[in-house]
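**Q** Input structure: coords.cif, which contains mmCIF, C-alpha atoms and all ligand atoms.
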data_start
#
loop_
_atom_site.label_atom_id
_atom_site.label_comp_id
_atom_site.auth_asym_id
_atom_site.auth_seq_id
_atom_site.Cartn_x
_atom_site.Cartn_y
_atom_site.Cartn_z
CA MET A 212 87.13 89.57 81.64
CA SER A 213 83.97 91.53 82.39
CA GLU A 214 82.74 93.99 79.86
CA GLY A 215 80.83 97.15 80.48
CA VAL A 216 83.71 99.55 81.15
CA GLY A 217 82.40 102.92 80.09
CA PRO A 218 84.23 105.80 78.50
CA PRO A 219 86.83 107.39 80.78
CA ALA A 220 84.75 110.57 80.74
CA TRP A 221 82.17 108.95 82.99
CA ALA A 222 82.15 110.44 86.47
CA PRO A 223 83.24 108.17 89.34
CA ALA A 224 79.66 107.79 90.64
CA THR A 225 78.57 106.49 87.23
CA ARG A 226 81.56 104.17 86.99
CA ALA A 227 80.84 102.77 90.45
CA VAL A 228 77.39 101.75 89.24
CA HIS A 229 78.41 100.30 85.87
CA LEU A 230 81.93 98.84 85.96
CA GLY A 231 82.29 95.06 86.14
CA ARG A 232 78.93 94.13 84.61
CA PRO A 233 78.59 91.38 82.00
CA ALA A 234 78.31 92.39 78.34
CA ALA A 235 74.77 93.50 77.49
CA GLU A 236 72.93 90.63 75.79
CA PRO A 237 69.18 90.34 75.28
CA GLY A 238 67.89 88.10 78.05
CA GLY A 239 71.24 88.11 79.83
CA PRO A 240 71.73 89.10 83.49
CA VAL A 241 72.70 92.65 84.40
CA ASN A 242 74.87 91.38 87.26
CA PRO A 243 77.84 89.03 87.20
CA ALA A 244 77.29 85.55 88.58
CA VAL A 245 78.68 84.31 91.90
CA VAL A 246 80.90 81.58 90.50
CA LEU A 247 81.09 78.96 93.23
CA SER A 248 83.53 76.56 91.65
CA SER A 249 86.97 75.49 92.82
CA THR A 250 87.89 73.95 89.48
CA TYR A 251 87.16 74.26 85.75
CA HIS A 252 86.69 71.93 82.79
CA GLN A 253 90.07 71.16 81.29
CA GLY A 254 91.23 72.79 78.09
CA GLY A 255 90.08 76.39 78.66
CA GLY A 256 91.76 79.48 80.07
CA ARG A 257 90.84 78.85 83.70
CA ILE A 258 92.35 75.96 85.61
CA TYR A 259 91.81 76.26 89.36
CA GLY A 260 89.83 78.52 91.71
CA ARG A 261 92.80 79.79 93.72
CA ASP A 262 94.14 81.45 90.53
CA ASP A 263 91.05 82.58 88.75
CA ASN A 264 87.39 83.33 89.21
CA ALA A 265 84.99 85.39 87.07
CA THR A 266 83.45 87.04 90.15
CA PHE A 267 86.92 88.29 91.17
CA ASP A 268 87.35 89.64 87.64
CA ALA A 269 84.14 91.65 87.91
CA LEU A 270 85.13 93.16 91.26
CA GLU A 271 88.65 93.89 89.99
CA ALA A 272 87.24 95.65 86.91
CA ALA A 273 85.22 97.92 89.20
CA VAL A 274 87.94 98.81 91.72
CA GLY A 275 90.62 99.04 89.02
CA GLY A 276 88.40 101.32 86.95
CA LEU A 277 87.72 103.59 89.92
CA GLU A 278 91.39 103.88 90.93
CA GLY A 279 92.74 104.09 87.36
CA GLY A 280 94.76 100.84 87.32
CA GLU A 281 94.57 97.03 87.26
CA ALA A 282 93.31 95.43 90.47
CA VAL A 283 93.89 92.15 92.32
CA ALA A 284 91.38 91.07 94.99
CA TYR A 285 92.50 89.31 98.19
CA ALA A 286 90.87 87.59 101.12
CA SER A 287 91.31 90.68 103.34
CA GLY A 288 92.86 94.12 103.40
CA LEU A 289 95.83 92.84 105.34
CA ALA A 290 96.34 90.05 102.77
CA ALA A 291 96.63 92.82 100.13
CA VAL A 292 99.11 94.70 102.34
CA ALA A 293 101.10 91.49 102.88
CA ALA A 294 101.19 90.74 99.14
CA VAL A 295 102.79 94.16 98.48
CA VAL A 296 105.28 93.97 101.36
CA GLU A 297 106.24 90.39 100.46
CA LEU A 298 107.52 91.62 97.08
CA LEU A 299 110.31 93.63 98.71
CA PRO A 300 113.84 92.27 98.39
CA VAL A 301 115.51 91.00 101.59
CA PRO A 302 116.44 93.01 103.52
CA GLY A 303 113.84 95.55 102.43
CA ARG A 304 113.70 99.17 103.51
CA VAL A 305 110.37 100.58 104.55
CA VAL A 306 109.48 104.10 105.64
CA VAL A 307 106.04 104.16 107.22
CA ALA A 308 103.86 106.44 109.34
CA ALA A 309 104.24 105.94 113.08
CA ASP A 310 100.44 105.99 113.25
CA ALA A 311 99.77 103.70 110.27
CA TYR A 312 97.02 101.07 110.54
CA ASN A 313 98.04 98.84 113.45
CA GLY A 314 97.74 95.62 111.42
CA THR A 315 100.21 97.01 108.86
CA ARG A 316 102.57 98.16 111.61
CA SER A 317 102.37 94.75 113.31
CA LEU A 318 103.14 92.96 110.05
CA LEU A 319 106.14 95.23 109.36
CA ALA A 320 107.40 94.85 112.95
CA ASP A 321 107.09 91.07 112.66
CA LEU A 322 109.10 91.02 109.43
CA ALA A 323 111.67 93.43 110.90
CA GLY A 324 112.02 91.16 113.93
CA ARG A 325 112.86 88.28 111.61
CA GLY A 326 115.48 90.29 109.72
CA ARG A 327 113.46 90.57 106.52
CA LEU A 328 113.35 94.36 106.46
CA GLY A 329 114.28 97.57 108.24
CA VAL A 330 111.51 99.98 109.24
CA ARG A 331 111.71 103.72 109.85
CA LEU A 332 108.73 105.35 111.51
CA VAL A 333 107.88 108.90 110.44
CA GLU A 334 105.31 111.64 110.91
CA LEU A 335 103.72 111.44 107.47
CA ALA A 336 102.29 114.98 107.48
CA ASP A 337 105.88 116.31 107.78
CA THR A 338 106.96 115.98 104.14
CA GLU A 339 110.56 117.04 104.78
CA ALA A 340 111.02 114.52 107.61
CA VAL A 341 109.63 111.71 105.45
CA LEU A 342 111.89 112.49 102.51
CA THR A 343 114.91 112.82 104.81
CA ALA A 344 114.09 109.37 106.23
CA CYS A 345 113.91 107.96 102.68
CA ALA A 346 117.25 109.53 101.78
CA ASP A 347 118.86 108.24 105.02
CA ALA A 348 117.46 104.76 104.48
CA ALA A 349 118.80 104.75 100.92
CA GLN A 350 122.31 105.40 102.37
CA SER A 351 122.03 102.66 104.96
CA PRO A 352 124.36 99.65 104.78
CA GLY A 353 123.05 96.21 103.90
CA ARG A 354 122.02 96.86 100.33
CA PRO A 355 118.86 95.05 99.31
CA SER A 356 119.46 92.11 97.01
CA GLY A 357 116.82 93.19 94.47
CA ARG A 358 117.71 94.15 90.93
CA SER A 359 117.20 97.80 90.16
CA GLY A 360 113.81 98.17 88.53
CA ASP A 361 112.26 95.43 90.71
CA PHE A 362 109.49 96.69 92.93
CA GLY A 363 110.91 98.13 96.15
CA ALA A 364 114.55 97.56 95.13
CA GLY A 365 115.46 101.01 96.46
CA GLY A 366 112.94 100.99 99.32
CA LEU A 367 109.24 101.44 99.92
CA LEU A 368 107.37 104.43 101.31
CA TRP A 369 104.04 103.34 102.82
CA VAL A 370 101.49 106.17 102.85
CA GLU A 371 98.13 106.42 104.61
CA SER A 372 96.22 109.65 104.24
CA PRO A 373 94.08 110.73 106.01
CA SER A 374 95.77 108.91 108.88
CA ASN A 375 94.13 106.63 111.41
CA PRO A 376 92.77 107.82 113.78
CA LEU A 377 94.13 111.40 113.91
CA LEU A 378 93.08 112.24 110.34
CA ALA A 379 96.39 113.95 109.52
CA VAL A 380 96.67 114.68 105.80
CA ALA A 381 99.94 113.86 104.01
CA ASP A 382 101.00 115.82 100.92
CA VAL A 383 100.59 112.79 98.65
CA PRO A 384 101.86 114.35 95.36
CA ALA A 385 104.97 115.79 97.08
CA LEU A 386 105.71 112.52 98.89
CA VAL A 387 105.38 110.46 95.70
CA ALA A 388 107.66 112.80 93.73
CA GLY A 389 110.24 113.05 96.52
CA ALA A 390 110.27 109.33 97.30
CA HIS A 391 110.69 108.46 93.62
CA ALA A 392 113.60 110.88 93.41
CA ALA A 393 115.20 108.98 96.32
CA GLY A 394 114.72 105.66 94.47
CA PHE A 395 111.76 104.55 96.59
CA ASP A 396 108.54 103.05 95.34
CA VAL A 397 105.33 104.28 96.95
CA ALA A 398 102.32 102.34 98.22
CA VAL A 399 99.20 104.18 99.41
CA ASP A 400 96.55 102.63 101.66
CA ASN A 401 93.47 104.43 100.33
CA THR A 402 90.92 102.80 102.66
CA PHE A 403 89.96 105.99 104.52
CA ALA A 404 89.46 108.07 101.37
CA THR A 405 87.95 105.56 98.92
CA PRO A 406 88.67 106.08 95.19
CA LEU A 407 85.79 108.55 95.06
CA LEU A 408 87.67 111.07 97.22
CA GLN A 409 91.29 110.35 96.31
CA GLN A 410 93.07 108.51 93.51
CA PRO A 411 96.75 108.13 94.45
CA LEU A 412 97.74 106.38 91.19
CA ARG A 413 96.95 109.67 89.44
CA HIS A 414 99.55 111.31 91.69
CA GLY A 415 102.08 108.69 90.53
CA ALA A 416 101.86 106.16 93.38
CA ASP A 417 103.05 102.69 92.33
CA VAL A 418 100.36 100.72 94.11
CA VAL A 419 97.18 101.43 96.07
CA VAL A 420 95.70 99.03 98.61
CA HIS A 421 92.23 98.90 100.12
CA SER A 422 90.61 97.17 102.97
CA ALA A 423 87.41 96.64 100.97
CA THR A 424 86.05 95.34 104.26
CA LYS A 425 85.37 99.01 105.01
CA ALA A 426 83.63 101.57 102.77
CA LEU A 427 83.85 99.71 99.45
CA SER A 428 81.73 96.84 100.80
CA GLY A 429 80.05 99.25 103.18
CA HIS A 430 77.82 96.99 105.28
CA SER A 431 80.22 95.43 107.81
CA ASP A 432 79.46 91.97 106.44
CA VAL A 433 82.55 91.13 104.36
CA LEU A 434 86.33 90.76 104.78
CA LEU A 435 88.09 91.61 101.53
CA GLY A 436 91.15 93.46 100.19
CA VAL A 437 92.31 94.88 96.88
CA ALA A 438 95.63 96.06 95.46
CA VAL A 439 95.69 98.25 92.33
CA THR A 440 98.59 99.32 90.15
CA THR A 441 99.33 100.85 86.75
CA ARG A 442 102.54 98.79 86.38
CA PRO A 443 102.01 95.55 84.41
CA ASP A 444 105.05 93.88 86.06
CA LEU A 445 103.69 94.70 89.50
CA HIS A 446 100.18 93.57 88.60
CA ALA A 447 101.51 90.18 87.46
CA ALA A 448 103.59 89.86 90.64
CA LEU A 449 100.60 90.73 92.84
CA ARG A 450 98.43 88.14 91.06
CA ARG A 451 101.15 85.56 91.60
CA ARG A 452 101.37 86.45 95.34
CA ARG A 453 97.66 85.74 95.67
CA THR A 454 98.06 82.29 94.18
CA LEU A 455 101.25 81.45 96.10
CA HIS A 456 99.88 82.67 99.44
CA GLY A 457 96.46 81.14 98.91
CA ALA A 458 95.05 84.59 99.66
CA ALA A 459 92.12 84.41 97.23
CA PRO A 460 88.83 85.84 98.49
CA GLY A 461 85.63 83.82 98.56
CA PRO A 462 83.54 84.39 95.38
CA TRP A 463 80.53 85.29 97.51
CA GLU A 464 82.55 87.92 99.39
CA ALA A 465 83.81 89.32 96.09
CA TRP A 466 80.23 89.58 94.85
CA LEU A 467 79.07 91.30 98.04
CA ALA A 468 81.92 93.81 97.78
CA LEU A 469 80.94 94.59 94.19
CA ARG A 470 77.29 94.94 95.27
CA GLY A 471 78.49 97.41 97.94
CA ILE A 472 80.40 99.47 95.38
CA ARG A 473 77.15 100.09 93.46
CA THR A 474 75.99 102.42 96.28
CA LEU A 475 79.42 103.72 97.28
CA ALA A 476 78.83 107.23 95.94
CA LEU A 477 75.52 107.64 97.78
CA ARG A 478 76.90 106.23 101.02
CA VAL A 479 80.07 108.34 100.93
CA GLU A 480 78.08 111.47 100.11
CA ARG A 481 75.65 110.95 103.00
CA SER A 482 78.12 109.76 105.62
CA GLN A 483 80.56 112.54 104.70
CA ALA A 484 77.82 115.17 105.02
CA ASN A 485 76.86 113.69 108.41
CA ALA A 486 80.53 113.65 109.48
CA GLY A 487 80.97 117.32 108.55
CA GLU A 488 77.89 118.34 110.49
CA LEU A 489 78.85 116.30 113.57
CA ALA A 490 82.42 117.68 113.44
CA ARG A 491 81.12 121.27 113.44
CA ARG A 492 78.78 120.61 116.37
CA LEU A 493 81.38 118.63 118.34
CA GLN A 494 83.79 121.54 117.98
CA ALA A 495 81.34 123.76 119.86
CA HIS A 496 80.49 121.14 122.51
CA PRO A 497 81.54 121.98 126.09
CA GLY A 498 82.41 118.31 126.72
CA VAL A 499 84.82 118.13 123.77
CA GLU A 500 88.43 119.33 123.93
CA ARG A 501 89.52 118.82 120.32
CA VAL A 502 88.10 117.61 117.01
CA HIS A 503 90.20 116.04 114.23
CA TYR A 504 88.51 116.34 110.84
CA PRO A 505 90.17 117.77 107.71
CA GLY A 506 86.82 119.06 106.50
CA LEU A 507 86.90 121.76 109.20
CA PRO A 508 88.49 124.99 107.90
CA GLU A 509 90.54 125.23 111.15
CA ASP A 510 91.97 121.72 110.77
CA PRO A 511 95.73 121.61 109.98
CA GLY A 512 95.05 119.23 107.07
CA HIS A 513 92.27 121.30 105.50
CA GLU A 514 94.22 123.02 102.70
CA ARG A 515 95.97 119.83 101.64
CA MET A 516 92.70 117.94 101.72
CA ARG A 517 91.16 120.50 99.39
CA ARG A 518 94.12 120.29 97.00
CA GLN A 519 94.26 116.52 96.62
CA MET A 520 90.89 115.12 97.70
CA ALA A 521 87.27 115.53 96.60
CA GLY A 522 86.09 115.55 100.23
CA ALA A 523 87.23 114.93 103.80
CA GLY A 524 85.52 111.55 104.26
CA PHE A 525 83.39 109.98 106.94
CA VAL A 526 85.73 109.49 109.92
CA VAL A 527 85.80 112.09 112.72
CA SER A 528 87.96 111.76 115.83
CA PHE A 529 87.53 113.82 118.98
CA VAL A 530 88.95 114.10 122.47
CA VAL A 531 86.47 114.32 125.33
CA ARG A 532 87.07 116.53 128.37
CA GLY A 533 87.50 113.89 131.01
CA GLY A 534 89.08 115.88 133.84
CA GLY A 535 91.45 113.50 135.65
CA ALA A 536 90.04 110.38 133.95
CA PRO A 537 89.83 110.98 130.15
CA ALA A 538 89.94 107.29 129.21
CA GLU A 539 87.03 106.50 131.53
CA ALA A 540 85.03 109.45 130.18
CA ALA A 541 85.62 108.34 126.59
CA GLU A 542 84.67 104.75 127.45
CA ALA A 543 81.50 106.09 129.06
CA VAL A 544 80.60 107.92 125.82
CA ALA A 545 81.09 104.70 123.81
CA ALA A 546 79.01 102.78 126.36
CA GLY A 547 76.32 105.47 126.44
CA VAL A 548 75.40 105.75 122.75
CA ARG A 549 72.29 103.98 121.41
CA VAL A 550 72.15 104.99 117.72
CA ALA A 551 75.89 104.58 117.18
CA THR A 552 77.45 101.18 117.86
CA ALA A 553 80.49 100.80 120.12
CA GLY A 554 82.86 98.71 118.07
CA THR A 555 85.92 98.72 115.87
CA SER A 556 86.10 99.03 112.05
CA LEU A 557 84.75 101.75 109.80
CA GLY A 558 83.06 102.57 106.52
CA GLY A 559 79.75 100.79 107.16
CA VAL A 560 76.25 102.21 106.84
CA GLU A 561 76.04 102.18 110.65
CA THR A 562 77.93 104.67 112.81
CA LEU A 563 80.72 102.99 114.79
CA ILE A 564 82.51 104.58 117.73
CA GLU A 565 85.61 103.39 119.53
CA ARG A 566 88.18 104.61 122.04
CA ARG A 567 91.22 103.72 119.94
CA GLY A 568 93.61 103.84 122.91
CA ARG A 569 92.03 100.62 124.20
CA MET A 570 93.61 98.68 121.30
CA ALA A 571 97.04 97.08 121.74
CA GLY A 572 99.63 99.17 119.88
CA GLU A 573 97.60 102.39 120.16
CA GLU A 574 98.79 103.47 123.61
CA HIS A 575 100.46 106.57 122.10
CA LEU A 576 97.05 108.15 121.41
CA PRO A 577 95.36 110.66 123.73
CA PRO A 578 93.44 108.47 126.22
CA GLY A 579 90.24 110.47 125.74
CA LEU A 580 90.24 110.12 121.93
CA LEU A 581 87.20 108.56 120.27
CA ARG A 582 87.17 107.60 116.60
CA CYS A 583 83.77 107.80 114.99
CA SER A 584 83.09 106.26 111.58
CA VAL A 585 79.94 108.13 110.66
CA GLY A 586 77.20 106.17 108.92
CA ILE A 587 74.15 107.12 106.90
CA GLU A 588 71.62 107.47 109.74
CA ASP A 589 69.62 110.68 110.22
CA VAL A 590 72.07 113.32 111.40
CA GLU A 591 69.73 114.68 114.10
CA ASP A 592 69.35 111.21 115.62
CA LEU A 593 73.12 110.83 115.57
CA TRP A 594 73.65 114.22 117.18
CA ALA A 595 71.06 113.69 119.92
CA ASP A 596 72.72 110.35 120.68
CA LEU A 597 76.30 111.68 120.79
CA ASP A 598 75.42 114.91 122.57
CA GLY A 599 73.50 113.01 125.28
CA ALA A 600 76.27 110.46 125.80
CA ILE A 601 78.99 113.16 125.98
CA ARG A 602 76.99 115.29 128.44
CA ALA A 603 76.34 112.28 130.67
CA ALA A 604 79.97 111.17 130.55
CA THR A 605 81.57 114.58 131.09
CA GLY A 606 78.97 116.23 133.33
CA THR A 607 78.54 119.13 130.87
C1 LIG B 701 90.94 97.65 108.28
C2 LIG B 701 92.13 98.25 107.61
C3 LIG B 701 93.13 97.43 107.03
C4 LIG B 701 93.08 95.91 107.11
O1 LIG B 701 92.02 95.39 106.40
P1 LIG B 701 91.27 94.00 106.77
O2 LIG B 701 90.26 93.90 105.71
O3 LIG B 701 90.74 94.16 108.15
O4 LIG B 701 92.31 92.93 106.71
C5 LIG B 701 94.17 98.05 106.39
N1 LIG B 701 94.27 99.40 106.33
C6 LIG B 701 93.34 100.21 106.89
C7 LIG B 701 93.51 101.68 106.79
C8 LIG B 701 92.26 99.66 107.54
O5 LIG B 701 91.34 100.48 108.10
#
Can the structure from this file be put into C-alpha cells for me?

**A**
Amino acid sequence: MSEGVGPPAWAPATRAVHLGRPAAEPGGPVNPAVVLSSTYHQGGGRIYGRDDNATFDALEAAVGGLEGGEAVAYASGLAAVAAVVELLPVPGRVVVAADAYNGTRSLLADLAGRGRLGVRLVELADTEAVLTACADAAQSPGRPSGRSGDFGAGGLLWVESPSNPLLAVADVPALVAGAHAAGFDVAVDNTFATPLLQQPLRHGADVVVHSATKALSGHSDVLLGVAVTTRPDLHAALRRRRTLHGAAPGPWEAWLALRGIRTLALRVERSQANAGELARRLQAHPGVERVHYPGLPEDPGHERMRRQMAGAGFVVSFVVRGGGAPAEAAEAVAAGVRVATAGTSLGGVETLIERRGRMAGEEHLPPGLLRCSVGIEDVEDLWADLDGAIRAATGT
C-alpha cells in the first residue's frame, strides 16, 4: 500500500496533493510508478494484474482519503456503478432519480428488463416522495433472496446530487437517514460535486461512486471509475467484483487520474468561480429564459447546497429563448461557440457545452436546455463567446 497519508487534520486541498505518494526515502521518487505488468514473480503478495496493481493502490489511497473511506478503482465510471448494482440480491429493489445519469438509468432498465431488479423512479429533490417510494418498495411482494445485513438486502437508494443536467439538489443527510430507517442502503454518485465539495460517506452513505473520467482526472483524456465505502465487507465485495468482471483500469489511466487529482483543488476553485460568474450574467441575458445553478441565491437548491456542500460546482445549465424553435436555437448556440467546445462529458479544463435533449433517453428535458461544464479559461473570453453565440442564435 502507498504511504504518505497525512494527518486527518489536513485540508482536502493538501490531501489531494499528497495522498498516494510513495514513502519518503532519500533518492526515491516523489511519485508512484506506472506499473505496467500483468503478472508478478511467484511467492509474494501479488499474483496477477487483474487483481492487483501498485498504481491502482496509489490512486485508491488518494480518492479513499478524500472521500473518507476505502476505494476500488475500475475501468470506467459505469463499471463502478455496475459493480455496486451487481451486488444486489435478485430480485433487487432500486429507487433512483428519474433524471439520474443516463448510463446508470440504462443499466438499471436493462437489468429490470431481465427480471434482475425492480426500479422506481423518483424526483430526488422531493425527500418525502423518495422516502415514500422506499417504504412502498420495501412492502412489495417478491422478497429479495439476500440475507439481512448483505448489501442491498432491503433495497438500494441511488442518489445523484446535484442532478444531471438540471442541477437539483437532494437533501442527502435526510435521504440517507430516511432510507436507512426503511432498511435501504444508499449509494451516492458524487461525480458532479467531487470530494472537495461534498463527502456523502460523512452523511452516512454506504458507498460513493465517481466517474473519475470527469473532474478527478480533469483533462478529458482518461476513462476511469472509483467506488468508495467505509464498510469493510462492502469494500471486499467491490474488489472481488472488479476481479470477476475483469473491470480493472489500465495502470497508465490510473496514474493519469492520480496526476489529475494533484490539481483538483485549483481546477475546481477556478471553474466554479467561472461557473458562478457565467450563471449570474446568463440570468440577466435577454436570450436566456432560465438558469439552473445552485450557487445562485434564487435557485431552489441554494439553501440545501449551502448546508451540505462546500460550493455549487462547475456545471451550469440554461434554457435559451428560442421562440417557436428552442431546440434549433440551442443547437445554434452550441454550433456558434469558439472558446467552448460543443461536446458531451464534463469536468475537464476546457469548457464543454451540449444540448442534452439531443441524447437518447433525455427527451424529457426542455428542448432549449444547454448544459455547460465550465472550464478554467479566462472568464471574459468565455463570456464574450457565450454572449455572442446566444445573441446570434436568439436574435437578441
Ligand atoms: C460520466 C458519468 C458516469 C459514467 O462514467 P464513465 O466514466 O463515462 O463510465 C456516471 N455518473 C455520472 C454522474 C457521470 O457524469

**Q** Which residues form the shell of 9 Å around ligand LIG 701 (chain B) when you count all atoms listed in the file, given as number ranges by chain?

**A** A: 286-292, 311-315, 371-372, 374-375, 400-403, 420-425, 433-436, 556-558

**Q** Using only C-alpha atoms, give me every residue within 12 Å of (94.1, 111.1, 131.7) in file coordinates, as a ChimeraX atom specification.

**A** /A:530-541,568,576-580

**Q** Report as a Markdown table: every residue of segment 271-335 of chain A with an atom at most 7 Å from segment 449-471 of chain A, its closest pair of atoms, and their distance in Å to one decimal, counting all atoms listed in the file, with rows sorted by chain and ascending residue number.

**A**
| residue | atom | partner | partner_atom | distance |
| --- | --- | --- | --- | --- |
| A:Val283 | CA | A:Arg450 | CA | 6.2 |
| A:Ala284 | CA | A:Pro460 | CA | 6.8 |
| A:Tyr285 | CA | A:Ala459 | CA | 5.0 |
| A:Ala286 | CA | A:Pro460 | CA | 3.8 |
| A:Ala290 | CA | A:Ala458 | CA | 6.4 |
| A:Ala294 | CA | A:Arg452 | CA | 5.7 |
| A:Val295 | CA | A:Leu449 | CA | 7.0 |

**Q** Find, counting all atoms listed in the file, the residue in A:Ser528, A:Ser359, A:Ser431, A:Gln519 that gets nearest to Val502 of chain A.

**A** A:Ser528

**Q** Which is closest to Val439 of chain A among A:Leu412, A:Tyr251, A:Val241, A:Pro505, if we use only C-alpha atoms?

**A**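 Checking each of A:Leu412, A:Tyr251, A:Val241, A:Pro505 against Val439 of chain A, counting only C-alpha atoms, the winner is A:Leu412.
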
**Q** Quick one: residues within 10 Å of Glu488 of chain A, all atoms listed in the file counted, chain neighbours fewer than 3 positions away excluded, as a PyMOL selection string?

**A** chain A and resi 482-485+491-493+506-507+590-591+594

**Q** So what do you get for atom CA of Arg518 of chain A versus atom CA of Gln409 of chain A, distance-wise?

**A** 10.4 Å
